[in-house]
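Student: Before anything else, here's the structure in question.
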Amino acid sequence: MFVLGWRHILELIVLYCFVFYLLRFLHGTPLVAPLNFLSFIFIAAGVSNFAGLKELNFFWKVLLAGYVASMLIVFQPEIRRIYTNRAYHRETTPVMSGLLFHNEELRGKLIDDLVITCQTLSRKKIGALIVLERSNSLKDFIQTGILIDAVFSPELAISIFLVESPLHDGAIILRENRLLAAGCILPLAEVVEGKKLVGTRHRAGIGITEQTDALAIVVSEETGKISLAVHGKMAWGIETPALKKMLKILYRKV
Ligand SMILES: Nc1ncnc2c1ncn2[C@@H]1O[C@H](COP(=O)(O)OP(=O)(O)OP(=O)(O)O)[C@@H](O)[C@H]1O
């Protein structure tokens with residue numbers, strides 16, 4: 001008969017702490033869901049081992065090995081980023097420290113300015129990609145562009161996206177009402193739900209929201225349509241009143 005000894009208790013505590021800190025470390029990354037499933041296989045393997053079900057235990061072990069191997073292949077880019085500390089940041093941004101838009105007036109003004117910017121860009125069919133930082137730091141993406149760190153204004157943003165501007169390619173990144181950088185390179189979404197032919201500007205807009213909790217506004221150069229991405233999903237072709245409403249709801253502390 002199986003007797004629960006202090007060694008088992010110690011092992012369980014160590015295992016619990018390991019899983020707890022691993023999940024906390026990976027919180028906010030796409031690796032959390034597969035890791036939950038991995039924990040399930042792990043527990044199932046443990047139970048069948050204790051129950052002495054050798055064949056079932058073998059099955060779970062094979063499944064576990066196969067699942068880990070496929071995770072390493074499928075999530076290679078995410079794992080590399082975590083190891084090189086490139087994307088899923090724990091550092092405190094103004095949003096995390098509760099400072100983002102402690103001033104409601106500032107938030108309202110920025111949202112109005114963003115809507116004016118998009119309206120103008122859309123009317124003139126100037127392509128644009130505007131990323132709004134929330135809890136996850138976008139430091140590493142900011143570093144791919146040219147640092148600006150100026151107060152956001154429609155005039156500044158529009159002049160950046162004019163085709164003649166050397167900074168018009170890539171994204172601008174905002175933190176609160178400051179335009180931190182322009183010409184930033186973002187990760188591209190590989191799969192876009194419900195659409196086959198999606199250009200790189202829109203893919204980059206979706207991509208950054210898959211990997212972080214940022215918001216991305218895209219203005220299409222081809223159609224002038226405005227779209228808003230959050231959590232890897234895109235609201236396509238929205239009118240400016242809808243954009244304003246969505247920003248009022250989404251661009252706040254998360
Ligand atoms: N990885 C990236 N990060 C940021 N911006 C990018 C990235 N890749 C492409 N872009 C931007 O997208 C532009 C090309 O857009 P493209 O026409 O391929 O996309 P689109 O989604 O069809 O947009 P549009 O409707 O405006 O044509 C580039 O000039 C560049 O500014």
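Labels for the structure tokens follow display order: chains A, B, ..., residues from 1 in each chain, ligands from 1.
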Report as a list in words which protein, DNA and RNA residues come within 6 Å of ligand 1, using only C-alpha atoms and all ligand atoms.
Tutor: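 For ligand 1, the residues inside 6 Å are Gly127, Asp169, Gly170, Ala171, Cys184, Ile185, Leu186, Pro187, Leu188, Val198, Gly199, Thr200, Arg201, His202, Ala204, Ser220, Glu221 and Glu222 of chain A.
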Student: For the residues in the current selection, export N, CA, C and O atoms as a tab-separated table (two decimals), in the first residue's frame.
Tutor:
```
chain	number	residue	atom	x	y	z
A	127	GLY	N	-1.07	55.47	-45.50
A	127	GLY	CA	-0.96	54.25	-44.68
A	127	GLY	C	-0.29	54.56	-43.34
A	127	GLY	O	0.65	55.35	-43.28
A	169	ASP	N	7.82	54.29	-43.02
A	169	ASP	CA	7.71	52.82	-42.96
A	169	ASP	C	7.73	52.36	-41.51
A	169	ASP	O	8.44	52.92	-40.69
A	170	GLY	N	6.96	51.32	-41.22
A	170	GLY	CA	6.95	50.78	-39.86
A	170	GLY	C	5.90	51.46	-38.99
A	170	GLY	O	5.04	52.18	-39.48
A	171	ALA	N	6.01	51.23	-37.68
A	171	ALA	CA	4.97	51.69	-36.75
A	171	ALA	C	5.49	52.83	-35.87
A	171	ALA	O	6.68	52.93	-35.61
A	184	CYS	N	9.19	51.65	-36.34
A	184	CYS	CA	9.45	50.43	-35.54
A	184	CYS	C	8.99	49.18	-36.30
A	184	CYS	O	7.96	49.19	-36.97
A	185	ILE	N	9.76	48.13	-36.16
A	185	ILE	CA	9.45	46.85	-36.81
A	185	ILE	C	8.74	45.96	-35.81
A	185	ILE	O	9.22	45.75	-34.70
A	186	LEU	N	7.59	45.44	-36.23
A	186	LEU	CA	6.78	44.61	-35.35
A	186	LEU	C	6.74	43.17	-35.86
A	186	LEU	O	6.96	42.93	-37.05
A	187	PRO	N	6.38	42.23	-34.97
A	187	PRO	CA	6.26	40.83	-35.43
A	187	PRO	C	5.01	40.68	-36.30
A	187	PRO	O	3.99	41.30	-36.02
A	188	LEU	N	5.11	39.88	-37.34
A	188	LEU	CA	3.96	39.69	-38.23
A	188	LEU	C	3.10	38.51	-37.78
A	188	LEU	O	3.65	37.47	-37.43
A	198	VAL	N	-3.93	39.24	-46.53
A	198	VAL	CA	-3.75	40.38	-45.63
A	198	VAL	C	-2.32	40.88	-45.79
A	198	VAL	O	-1.36	40.10	-45.72
A	199	GLY	N	-2.17	42.18	-46.01
A	199	GLY	CA	-0.85	42.77	-46.22
A	199	GLY	C	-0.04	42.84	-44.93
A	199	GLY	O	-0.55	42.58	-43.83
A	200	THR	N	1.22	43.23	-45.09
A	200	THR	CA	2.13	43.19	-43.93
A	200	THR	C	1.82	44.26	-42.88
A	200	THR	O	2.08	44.06	-41.71
A	201	ARG	N	1.27	45.41	-43.30
A	201	ARG	CA	0.96	46.45	-42.31
A	201	ARG	C	-0.08	45.93	-41.31
A	201	ARG	O	0.07	46.05	-40.10
A	202	HIS	N	-1.13	45.31	-41.88
A	202	HIS	CA	-2.19	44.77	-41.02
A	202	HIS	C	-1.68	43.56	-40.21
A	202	HIS	O	-2.03	43.39	-39.04
A	204	ALA	N	1.35	43.13	-39.17
A	204	ALA	CA	2.20	43.66	-38.10
A	204	ALA	C	1.33	44.21	-36.97
A	204	ALA	O	1.64	44.03	-35.78
A	220	SER	N	-5.30	51.89	-43.75
A	220	SER	CA	-4.87	51.27	-45.00
A	220	SER	C	-4.55	52.33	-46.06
A	220	SER	O	-5.36	53.23	-46.30
A	221	GLU	N	-3.40	52.16	-46.67
A	221	GLU	CA	-2.99	53.07	-47.74
A	221	GLU	C	-3.85	52.83	-48.98
A	221	GLU	O	-4.16	53.73	-49.73
A	222	GLU	N	-4.27	51.57	-49.13
A	222	GLU	CA	-5.00	51.18	-50.32
A	222	GLU	C	-6.46	51.66	-50.28
A	222	GLU	O	-6.96	52.19	-51.26
```
Student: Based on DSSP run over this structure's backbone, return all residues of segment 26-244 of chain A in alpha helix (DSSP H), as number ranges by chain.
Tutor: A: 26, 32-50, 54-74, 76-83, 104-123, 139-142, 154-161, 200-211, 240-244
Student: Quick one: everything within 9 Å of segment 11-24 of chain A, counting only C-alpha atoms, minus sequence neighbours fewer than 6 positions away in the same chain. Send it as an mmCIF file with N, CA and C atoms, in the first residue's frame.
Tutor:
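Result went into out28.cif, see below:
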```
data_model
loop_
_atom_site.group_PDB
_atom_site.id
_atom_site.type_symbol
_atom_site.label_atom_id
_atom_site.label_comp_id
_atom_site.auth_asym_id
_atom_site.auth_seq_id
_atom_site.Cartn_x
_atom_site.Cartn_y
_atom_site.Cartn_z
ATOM 1 N N LEU A 31 2.474 30.746 -24.310
ATOM 2 C CA LEU A 31 2.884 29.422 -23.825
ATOM 3 C C LEU A 31 2.035 28.914 -22.659
ATOM 4 N N VAL A 32 1.203 29.811 -22.096
ATOM 5 C CA VAL A 32 0.452 29.415 -20.892
ATOM 6 C C VAL A 32 -0.560 28.303 -21.178
ATOM 7 N N LEU A 35 0.994 24.946 -21.697
ATOM 8 C CA LEU A 35 1.593 24.461 -20.448
ATOM 9 C C LEU A 35 0.540 23.898 -19.503
ATOM 10 N N ASN A 36 -0.657 24.494 -19.555
ATOM 11 C CA ASN A 36 -1.760 23.965 -18.737
ATOM 12 C C ASN A 36 -2.084 22.547 -19.167
ATOM 13 N N SER A 39 0.541 20.232 -17.961
ATOM 14 C CA SER A 39 0.364 19.898 -16.533
ATOM 15 C C SER A 39 -0.646 18.763 -16.386
#
```
Student: Name all residues at most 12 Å from Asn103 of chain A (count only C-alpha atoms; drop same-chain ones fewer than 5 positions away) and give them as a PDB file with C-alpha atoms, in the first residue's frame.
Tutor:
```pdb
ATOM      1  CA  GLY A  98      -1.033  52.937 -12.122  1.00  0.00           C
ATOM      2  CA  GLY A 108      -9.566  62.249 -23.459  1.00  0.00           C
ATOM      3  CA  LYS A 109      -7.332  64.707 -25.335  1.00  0.00           C
ATOM      4  CA  LEU A 110      -5.088  61.921 -26.635  1.00  0.00           C
ATOM      5  CA  GLU A 176       0.431  57.752 -22.711  1.00  0.00           C
ATOM      6  CA  ASN A 177       0.462  60.958 -24.752  1.00  0.00           C
ATOM      7  CA  ARG A 252      -6.820  52.463 -20.019  1.00  0.00           C
TER       8      ARG A 252
END
```
Student: Ranking A:Met71, A:Ile158, A:Leu215, A:Ile226 by minimum distance to Ala242 of chain A and counting only C-alpha atoms, which one comes first?
Tutor: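 The answer is A:Ile226, which sits nearest to Ala242 of chain A.
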Student: Between A:Leu167, A:Val74, A:Val47, A:Ala229, which one has atoms that come closest to Thr212 of chain A, using only C-alpha atoms?
Tutor: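 The shortest atom-to-atom distance to Thr212 of chain A comes from A:Ala229.
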Student: May I ask for the distance between atom CA of Leu53 of chain A and atom CA of Trp6 of chain A, given in Å to one decimal place?
Tutor: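 Pair atom CA of Leu53 of chain A / atom CA of Trp6 of chain A returns 24.0 Å.
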Student: Would you mind telling me which residue in A:Ala33, A:Ile130, A:Ala181, A:Cys118 lies nearest to Leu147 of chain A when using only C-alpha atoms?
Tutor: A:Ala181
Student: What does the distance between atom CA of Val151 of chain A and atom CA of Arg175 of chain A come to in Å, to one decimal place?
Tutor: 9.8 Å
